[in-house]
There are 2 protein chains.
Amino acid sequence: MEQESRLAGTVRPGGRTAKVRAAVLTATQDELVERGFHGLSMDQVAARAGVGKTTVYRRWGTPSGLVADLMNELADESSPHADTGTVEGDLRANALSVLQAVTDPRLGATFQAVIAAATCDEEAAKALRAFYGRRVEEWAKAVDRAVGRGELPPGTDAKEVIRAVSAPLYYRLLVTREPVTAEAAERSALRALAAARAGAFAEGA
Amino acid sequence: MEQESRLAGTVRPGGRTAKVRAAVLTATQDELVERGFHGLSMDQVAARAGVGKTTVYRRWGTPSGLVADLMNELADESSPHADTGTVEGDLRANALSVLQAVTDPRLGATFQAVIAAATCDEEAAKALRAFYGRRVEEWAKAVDRAVGRGELPPGTDAKEVIRAVSAPLYYRLLVTREPVTAEAAERSALRALAAARAGAFAEGA
DNA sequence: ATCTTAACGGAACTTCTGTCCCATTAGGGG
DNA sequence: CCCCTAATGGGACAGAAGTTCCGTTAAGAT
């Protein structure tokens, strides 16, 4: 079997191809907002984007593929991370940035869709990991700075602290499905901070 | 329009109907383990359960409906919660119980499916809330006991502490999709405990 | 034991999903 | 500027998903 070549649209990614991709990804997000991942239909996306459905099937294959590509697109837009001078300020900023993301109608719908897709599609799971992996690394620097300043115990696992800030917000979003509020975000940041100060994120513990 | 009556199978829930439900829910879980929520097909479930597909469509309507009913079934099986004598012991027990649940092939696949379904189906979302609401309440008693004993500050939000133990584990399961290990569970319990001891779950904070 | 009817199941049917083929359009190298 | 071909798009098609109709089975009341 001949080595299956790269995806369609990668050899000649000029004007038309790029326009098609943009139109399709926008249409995908619109559909996600209106119908959710479960209601995402390739035909519908093609119609909405004004492109042939053959093209959508050929380039993205499945709804999961669409959603994974959408996430990859979002991952490229770098998230500006704060440097407020204190861990507390930085962690609050982080929590609020997560809040803003999951609260935004388009982004929120997209995240939920990717997470749903990732439960049974490896491509979507990969896109999800890539997105959060990068984001967590960026914000982890704030924790490392805090350790340097002596605000947090040496050996503190910076990435884990950042994940601990996000986790309760995603728990609310996905599991308990309560509204993710600014108060919840604040509390989440402060709780992670309290645990970090107590050394619960340090190596030995 | 005549008030649409109650669901099929609720007026005469005797032997046959109960058997059909059991067979269908078992088949649903089997399919979830093998194919995931995305691959759950009503026809396939009907065939596997050995019942008519008409019956499955009539009683459950959609894959989300199947999964929601499955979750309701699981919610009825009460989860024994521990009383080890210390908060630390109880929170660890809680974390390990979550670990066990999400690690179990059948339960884990079911949880992921319900969470995926809940992102765009209100019925599934409701079943999910009911399941975790009850579970959290049960385990929250352990935190209340700890407050009574003076192990944790007065005014500690017991349910929030319990949610804080679970959150990082679900974050791993759903978002970062790293394996949920016993170490992760232990740490999660200890971090929630550290924050609670520091008063980060108390009223004012 | 008998009767009523809730619930089930088979089969035909419609709609939607996904594939294939081939003509058309336009990127980008020469 | 022209040519080659990557990429698109329409239309026809096969198969799966979902609906409807109606006859059959058995729960539960009398």
# chains A, B, ... in the order shown; residues from 1 in each chain; ligands from 1
call {"tool": "closest_atom_pairs", "arguments": {"of": "chain A", "to": "chain D", "cutoff": "12 Å", "atoms": "only C-alpha atoms (C1' of nucleotides)", "output": "CSV"}}
result
residue,atom,partner,partner_atom,distance
A:Leu7,CA,D:DA7,C1',11.3
A:Ala8,CA,D:DA7,C1',7.5
A:Gly9,CA,D:DA7,C1',6.8
A:Thr10,CA,D:DA6,C1',9.3
A:Val11,CA,D:DA6,C1',7.2
A:Arg12,CA,D:DA6,C1',6.4
A:Pro13,CA,D:DA7,C1',9.3
A:Gly14,CA,D:DA7,C1',10.2
A:Gly15,CA,D:DA7,C1',11.3
A:Arg16,CA,D:DA7,C1',8.7
A:Thr17,CA,D:DA7,C1',7.3
A:Ala18,CA,D:DA7,C1',11.1
A:Lys19,CA,D:DT8,C1',11.7
A:Val20,CA,D:DT8,C1',9.3
A:Arg21,CA,D:DT8,C1',11.9
A:Ala46,CA,D:DG9,C1',11.0
A:Ala47,CA,D:DG9,C1',11.8
A:Gly50,CA,D:DG9,C1',10.4
A:Val51,CA,D:DG9,C1',7.5
A:Gly52,CA,D:DG9,C1',5.0
A:Lys53,CA,D:DG9,C1',8.0
A:Thr54,CA,D:DG9,C1',7.2
A:Thr55,CA,D:DT8,C1',6.5
A:Val56,CA,D:DT8,C1',10.0
A:Tyr57,CA,D:DT8,C1',11.9
A:Arg58,CA,D:DA7,C1',10.2
A:Arg59,CA,D:DA7,C1',10.1
call {"tool": "write_last_selection", "arguments": {"atoms": "N, CA and C atoms", "output": "compact mmCIF listing (two decimals), in the first residue's frame"}}
result
# COMPACT_ATOMS: atom_id res chain seq x y z
N LEU A 7 -2.47 15.29 4.11
CA LEU A 7 -3.86 15.71 3.97
C LEU A 7 -4.04 16.60 2.73
N ALA A 8 -5.26 16.57 2.22
CA ALA A 8 -5.60 17.48 1.14
C ALA A 8 -5.45 18.91 1.65
N GLY A 9 -5.04 19.77 0.75
CA GLY A 9 -4.95 21.19 1.12
C GLY A 9 -3.64 21.60 1.74
N THR A 10 -2.65 20.67 1.75
CA THR A 10 -1.39 21.02 2.40
C THR A 10 -0.27 21.26 1.39
N VAL A 11 -0.53 20.90 0.12
CA VAL A 11 0.51 21.08 -0.89
C VAL A 11 0.41 22.47 -1.52
N ARG A 12 -0.81 22.91 -1.65
CA ARG A 12 -1.05 24.18 -2.32
C ARG A 12 -1.98 25.02 -1.44
N PRO A 13 -1.47 25.44 -0.29
CA PRO A 13 -2.36 26.07 0.68
C PRO A 13 -2.57 27.54 0.39
N GLY A 14 -2.67 27.87 -0.88
CA GLY A 14 -2.82 29.26 -1.29
C GLY A 14 -4.20 29.81 -1.01
N GLY A 15 -4.48 30.92 -1.60
CA GLY A 15 -5.71 31.68 -1.37
C GLY A 15 -6.98 30.88 -1.26
N ARG A 16 -7.32 30.11 -2.26
CA ARG A 16 -8.62 29.44 -2.23
C ARG A 16 -8.71 28.45 -1.08
N THR A 17 -7.68 27.60 -0.98
CA THR A 17 -7.69 26.58 0.06
C THR A 17 -7.81 27.21 1.45
N ALA A 18 -7.07 28.28 1.67
CA ALA A 18 -7.13 28.96 2.96
C ALA A 18 -8.51 29.54 3.21
N LYS A 19 -9.11 30.08 2.17
CA LYS A 19 -10.45 30.65 2.31
C LYS A 19 -11.46 29.58 2.67
N VAL A 20 -11.33 28.43 2.00
CA VAL A 20 -12.24 27.32 2.28
C VAL A 20 -12.09 26.91 3.74
N ARG A 21 -10.85 26.78 4.19
CA ARG A 21 -10.64 26.35 5.57
C ARG A 21 -11.26 27.33 6.54
N ALA A 46 -20.90 22.15 5.48
CA ALA A 46 -20.55 22.47 4.10
C ALA A 46 -21.51 23.51 3.54
N ALA A 47 -22.79 23.28 3.75
CA ALA A 47 -23.80 24.20 3.23
C ALA A 47 -23.59 25.59 3.82
N GLY A 50 -20.73 27.34 2.51
CA GLY A 50 -20.82 27.61 1.08
C GLY A 50 -19.76 26.87 0.28
N VAL A 51 -19.41 25.68 0.73
CA VAL A 51 -18.44 24.87 -0.03
C VAL A 51 -19.07 23.50 -0.30
N GLY A 52 -18.48 22.76 -1.21
CA GLY A 52 -19.01 21.45 -1.54
C GLY A 52 -18.82 20.47 -0.39
N LYS A 53 -19.79 19.61 -0.18
CA LYS A 53 -19.65 18.69 0.97
C LYS A 53 -18.53 17.70 0.72
N THR A 54 -18.26 17.42 -0.55
CA THR A 54 -17.14 16.54 -0.86
C THR A 54 -15.85 17.09 -0.26
N THR A 55 -15.68 18.38 -0.37
CA THR A 55 -14.47 19.02 0.15
C THR A 55 -14.34 18.83 1.65
N VAL A 56 -15.44 19.00 2.34
CA VAL A 56 -15.41 18.88 3.79
C VAL A 56 -15.07 17.44 4.19
N TYR A 57 -15.71 16.48 3.52
CA TYR A 57 -15.40 15.09 3.83
C TYR A 57 -13.94 14.78 3.51
N ARG A 58 -13.49 15.27 2.37
CA ARG A 58 -12.13 14.94 1.96
C ARG A 58 -11.09 15.52 2.93
N ARG A 59 -11.26 16.75 3.33
CA ARG A 59 -10.23 17.38 4.14
C ARG A 59 -10.34 17.10 5.63
call {"tool": "residues_around", "arguments": {"residues": "Val147 of chain A", "least_positions_apart": "4", "cutoff": "10 Å", "atoms": "only C-alpha atoms (C1' of nucleotides)", "output": "CSV table (one decimal) with N, CA and C atoms, in the first residue's frame"}}
result
chain,number,residue,atom,x,y,z
A,87,VAL,N,2.2,36.0,43.0
A,87,VAL,CA,1.5,34.8,42.6
A,87,VAL,C,0.1,34.9,42.6
A,141,LYS,N,5.1,29.6,34.2
A,141,LYS,CA,6.2,30.5,34.4
A,141,LYS,C,6.0,31.4,35.6
A,142,ALA,N,4.7,31.8,35.7
A,142,ALA,CA,4.3,32.7,36.8
A,142,ALA,C,4.6,32.0,38.2
A,143,VAL,N,4.3,30.7,38.2
A,143,VAL,CA,4.6,30.0,39.5
A,143,VAL,C,6.1,29.9,39.7
A,151,GLU,N,8.0,33.2,47.3
A,151,GLU,CA,6.6,33.3,47.7
A,151,GLU,C,6.0,31.9,47.9
A,152,LEU,N,6.6,30.9,47.2
A,152,LEU,CA,6.1,29.5,47.3
A,152,LEU,C,7.3,28.6,47.6
A,153,PRO,N,7.0,27.5,48.2
A,153,PRO,CA,8.1,26.6,48.6
A,153,PRO,C,9.0,26.1,47.5
A,154,PRO,N,10.3,26.0,47.6
A,154,PRO,CA,11.1,25.4,46.5
A,154,PRO,C,10.6,24.0,46.2
A,155,GLY,N,10.8,23.6,44.9
A,155,GLY,CA,10.3,22.3,44.5
A,155,GLY,C,8.9,22.3,44.1
A,156,THR,N,8.2,23.4,44.2
A,156,THR,CA,6.8,23.4,43.8
A,156,THR,C,6.6,23.0,42.4
A,157,ASP,N,5.6,22.1,42.1
A,157,ASP,CA,5.4,21.7,40.7
A,157,ASP,C,4.5,22.7,40.0
A,158,ALA,N,5.1,23.6,39.3
A,158,ALA,CA,4.5,24.8,38.7
A,158,ALA,C,3.3,24.4,37.8
call {"tool": "closest_residue", "arguments": {"among": "A:Met42, A:Leu70, A:Val33, A:Val24", "to": "chain C", "atoms": "only C-alpha atoms (C1' of nucleotides)"}}
result
A:Met42
call {"tool": "interface_residues", "arguments": {"of": "chain C", "to": "chain B", "cutoff": "12 Å", "atoms": "only C-alpha atoms (C1' of nucleotides)", "output": "count of residues only"}}
result
7
call {"tool": "closest_residue", "arguments": {"among": "B:Gly89, B:Gly148, B:Gly199, B:Gly61", "to": "chain A", "atoms": "only C-alpha atoms"}}
result
B:Gly199
call {"tool": "interface_residues", "arguments": {"of": "chain B", "to": "chain A", "cutoff": "7 Å", "atoms": "only C-alpha atoms", "output": "ChimeraX atom specification"}}
result
/B:36-38,112,115-116,119-120,128-129,164,167-168,170-171,174-176,190-191,194-195,198,200
call {"tool": "select_by_dssp", "arguments": {"residues": "chain A", "states": "helix (DSSP H, G or I)", "output": "ChimeraX atom specification"}}
result
/A:15-35,37-39,42-49,53-60,63-76,87-103,105-118,122-149,158-176,182-197
call {"tool": "atom_distance", "arguments": {"atom1": "atom CA of Gly204 of chain A", "atom2": "atom CA of Asp90 of chain A"}}
result
24.7 Å
call {"tool": "closest_residue", "arguments": {"among": "B:Met71, B:Leu66, B:Val102, B:Ala146", "to": "Asp83 of chain B", "atoms": "only C-alpha atoms"}}
result
B:Ala146
call {"tool": "atom_distance", "arguments": {"atom1": "atom CA of Ala49 of chain A", "atom2": "atom CA of Ala23 of chain A"}}
result
5.1 Å
call {"tool": "decode", "arguments": {"residues": "segment 152-178 of chain A", "atoms": "N, CA, C and O atoms", "output": "PDB file, in the first residue's frame"}}
result
ATOM      1  N   LEU A 152       6.603  30.917  47.190  1.00  0.00           N
ATOM      2  CA  LEU A 152       6.135  29.536  47.299  1.00  0.00           C
ATOM      3  C   LEU A 152       7.325  28.645  47.632  1.00  0.00           C
ATOM      4  O   LEU A 152       8.465  28.992  47.318  1.00  0.00           O
ATOM      5  N   PRO A 153       7.037  27.490  48.236  1.00  0.00           N
ATOM      6  CA  PRO A 153       8.136  26.596  48.647  1.00  0.00           C
ATOM      7  C   PRO A 153       8.958  26.129  47.451  1.00  0.00           C
ATOM      8  O   PRO A 153       8.398  25.928  46.365  1.00  0.00           O
ATOM      9  N   PRO A 154      10.257  25.951  47.631  1.00  0.00           N
ATOM     10  CA  PRO A 154      11.081  25.404  46.548  1.00  0.00           C
ATOM     11  C   PRO A 154      10.598  23.998  46.191  1.00  0.00           C
ATOM     12  O   PRO A 154      10.086  23.279  47.044  1.00  0.00           O
ATOM     13  N   GLY A 155      10.761  23.645  44.923  1.00  0.00           N
ATOM     14  CA  GLY A 155      10.334  22.313  44.482  1.00  0.00           C
ATOM     15  C   GLY A 155       8.862  22.251  44.130  1.00  0.00           C
ATOM     16  O   GLY A 155       8.338  21.190  43.781  1.00  0.00           O
ATOM     17  N   THR A 156       8.179  23.381  44.198  1.00  0.00           N
ATOM     18  CA  THR A 156       6.755  23.409  43.843  1.00  0.00           C
ATOM     19  C   THR A 156       6.574  23.046  42.369  1.00  0.00           C
ATOM     20  O   THR A 156       7.253  23.582  41.509  1.00  0.00           O
ATOM     21  N   ASP A 157       5.646  22.123  42.109  1.00  0.00           N
ATOM     22  CA  ASP A 157       5.370  21.694  40.729  1.00  0.00           C
ATOM     23  C   ASP A 157       4.489  22.741  40.049  1.00  0.00           C
ATOM     24  O   ASP A 157       3.274  22.774  40.220  1.00  0.00           O
ATOM     25  N   ALA A 158       5.139  23.587  39.263  1.00  0.00           N
ATOM     26  CA  ALA A 158       4.453  24.759  38.702  1.00  0.00           C
ATOM     27  C   ALA A 158       3.260  24.386  37.829  1.00  0.00           C
ATOM     28  O   ALA A 158       2.174  24.956  37.942  1.00  0.00           O
ATOM     29  N   LYS A 159       3.456  23.415  36.951  1.00  0.00           N
ATOM     30  CA  LYS A 159       2.365  23.041  36.046  1.00  0.00           C
ATOM     31  C   LYS A 159       1.164  22.509  36.826  1.00  0.00           C
ATOM     32  O   LYS A 159       0.018  22.804  36.489  1.00  0.00           O
ATOM     33  N   GLU A 160       1.470  21.731  37.856  1.00  0.00           N
ATOM     34  CA  GLU A 160       0.372  21.177  38.633  1.00  0.00           C
ATOM     35  C   GLU A 160      -0.431  22.269  39.323  1.00  0.00           C
ATOM     36  O   GLU A 160      -1.646  22.163  39.479  1.00  0.00           O
ATOM     37  N   VAL A 161       0.249  23.317  39.753  1.00  0.00           N
ATOM     38  CA  VAL A 161      -0.470  24.427  40.389  1.00  0.00           C
ATOM     39  C   VAL A 161      -1.434  25.060  39.378  1.00  0.00           C
ATOM     40  O   VAL A 161      -2.599  25.305  39.682  1.00  0.00           O
ATOM     41  N   ILE A 162      -0.940  25.271  38.178  1.00  0.00           N
ATOM     42  CA  ILE A 162      -1.788  25.872  37.144  1.00  0.00           C
ATOM     43  C   ILE A 162      -2.974  24.969  36.819  1.00  0.00           C
ATOM     44  O   ILE A 162      -4.114  25.420  36.711  1.00  0.00           O
ATOM     45  N   ARG A 163      -2.685  23.675  36.718  1.00  0.00           N
ATOM     46  CA  ARG A 163      -3.781  22.740  36.451  1.00  0.00           C
ATOM     47  C   ARG A 163      -4.795  22.765  37.585  1.00  0.00           C
ATOM     48  O   ARG A 163      -6.005  22.653  37.361  1.00  0.00           O
ATOM     49  N   ALA A 164      -4.288  22.933  38.810  1.00  0.00           N
ATOM     50  CA  ALA A 164      -5.189  22.941  39.971  1.00  0.00           C
ATOM     51  C   ALA A 164      -6.105  24.160  39.954  1.00  0.00           C
ATOM     52  O   ALA A 164      -7.205  24.125  40.503  1.00  0.00           O
ATOM     53  N   VAL A 165      -5.640  25.230  39.332  1.00  0.00           N
ATOM     54  CA  VAL A 165      -6.501  26.416  39.221  1.00  0.00           C
ATOM     55  C   VAL A 165      -7.638  26.147  38.236  1.00  0.00           C
ATOM     56  O   VAL A 165      -8.788  26.499  38.469  1.00  0.00           O
ATOM     57  N   SER A 166      -7.310  25.503  37.132  1.00  0.00           N
ATOM     58  CA  SER A 166      -8.312  25.242  36.090  1.00  0.00           C
ATOM     59  C   SER A 166      -9.287  24.137  36.463  1.00  0.00           C
ATOM     60  O   SER A 166     -10.474  24.208  36.119  1.00  0.00           O
ATOM     61  N   ALA A 167      -8.770  23.101  37.103  1.00  0.00           N
ATOM     62  CA  ALA A 167      -9.549  21.882  37.309  1.00  0.00           C
ATOM     63  C   ALA A 167     -10.955  22.121  37.859  1.00  0.00           C
ATOM     64  O   ALA A 167     -11.930  21.629  37.283  1.00  0.00           O
ATOM     65  N   PRO A 168     -11.098  22.883  38.941  1.00  0.00           N
ATOM     66  CA  PRO A 168     -12.454  23.062  39.480  1.00  0.00           C
ATOM     67  C   PRO A 168     -13.381  23.778  38.512  1.00  0.00           C
ATOM     68  O   PRO A 168     -14.592  23.548  38.522  1.00  0.00           O
ATOM     69  N   LEU A 169     -12.823  24.615  37.654  1.00  0.00           N
ATOM     70  CA  LEU A 169     -13.662  25.336  36.698  1.00  0.00           C
ATOM     71  C   LEU A 169     -14.175  24.381  35.628  1.00  0.00           C
ATOM     72  O   LEU A 169     -15.341  24.429  35.235  1.00  0.00           O
ATOM     73  N   TYR A 170     -13.306  23.498  35.166  1.00  0.00           N
ATOM     74  CA  TYR A 170     -13.745  22.515  34.187  1.00  0.00           C
ATOM     75  C   TYR A 170     -14.679  21.489  34.828  1.00  0.00           C
ATOM     76  O   TYR A 170     -15.598  20.987  34.175  1.00  0.00           O
ATOM     77  N   TYR A 171     -14.442  21.210  36.081  1.00  0.00           N
ATOM     78  CA  TYR A 171     -15.346  20.297  36.800  1.00  0.00           C
ATOM     79  C   TYR A 171     -16.750  20.878  36.807  1.00  0.00           C
ATOM     80  O   TYR A 171     -17.733  20.175  36.550  1.00  0.00           O
ATOM     81  N   ARG A 172     -16.835  22.183  37.108  1.00  0.00           N
ATOM     82  CA  ARG A 172     -18.144  22.835  37.086  1.00  0.00           C
ATOM     83  C   ARG A 172     -18.731  22.808  35.689  1.00  0.00           C
ATOM     84  O   ARG A 172     -19.907  22.506  35.500  1.00  0.00           O
ATOM     85  N   LEU A 173     -17.926  23.159  34.730  1.00  0.00           N
ATOM     86  CA  LEU A 173     -18.401  23.251  33.346  1.00  0.00           C
ATOM     87  C   LEU A 173     -18.934  21.909  32.833  1.00  0.00           C
ATOM     88  O   LEU A 173     -19.990  21.838  32.216  1.00  0.00           O
ATOM     89  N   LEU A 174     -18.188  20.843  33.131  1.00  0.00           N
ATOM     90  CA  LEU A 174     -18.484  19.560  32.508  1.00  0.00           C
ATOM     91  C   LEU A 174     -19.277  18.610  33.379  1.00  0.00           C
ATOM     92  O   LEU A 174     -20.117  17.875  32.876  1.00  0.00           O
ATOM     93  N   VAL A 175     -18.973  18.579  34.657  1.00  0.00           N
ATOM     94  CA  VAL A 175     -19.565  17.566  35.514  1.00  0.00           C
ATOM     95  C   VAL A 175     -20.789  18.085  36.259  1.00  0.00           C
ATOM     96  O   VAL A 175     -21.892  17.587  36.053  1.00  0.00           O
ATOM     97  N   THR A 176     -20.595  19.074  37.099  1.00  0.00           N
ATOM     98  CA  THR A 176     -21.772  19.550  37.843  1.00  0.00           C
ATOM     99  C   THR A 176     -22.606  20.486  36.983  1.00  0.00           C
ATOM    100  O   THR A 176     -23.776  20.690  37.242  1.00  0.00           O
ATOM    101  N   ARG A 177     -21.970  21.068  35.936  1.00  0.00           N
ATOM    102  CA  ARG A 177     -22.669  21.942  35.012  1.00  0.00           C
ATOM    103  C   ARG A 177     -23.361  23.096  35.714  1.00  0.00           C
ATOM    104  O   ARG A 177     -24.453  23.510  35.326  1.00  0.00           O
ATOM    105  N   GLU A 178     -22.701  23.606  36.750  1.00  0.00           N
ATOM    106  CA  GLU A 178     -23.147  24.860  37.345  1.00  0.00           C
ATOM    107  C   GLU A 178     -22.516  25.976  36.533  1.00  0.00           C
ATOM    108  O   GLU A 178     -21.493  25.770  35.889  1.00  0.00           O
TER     109      GLU A 178
END
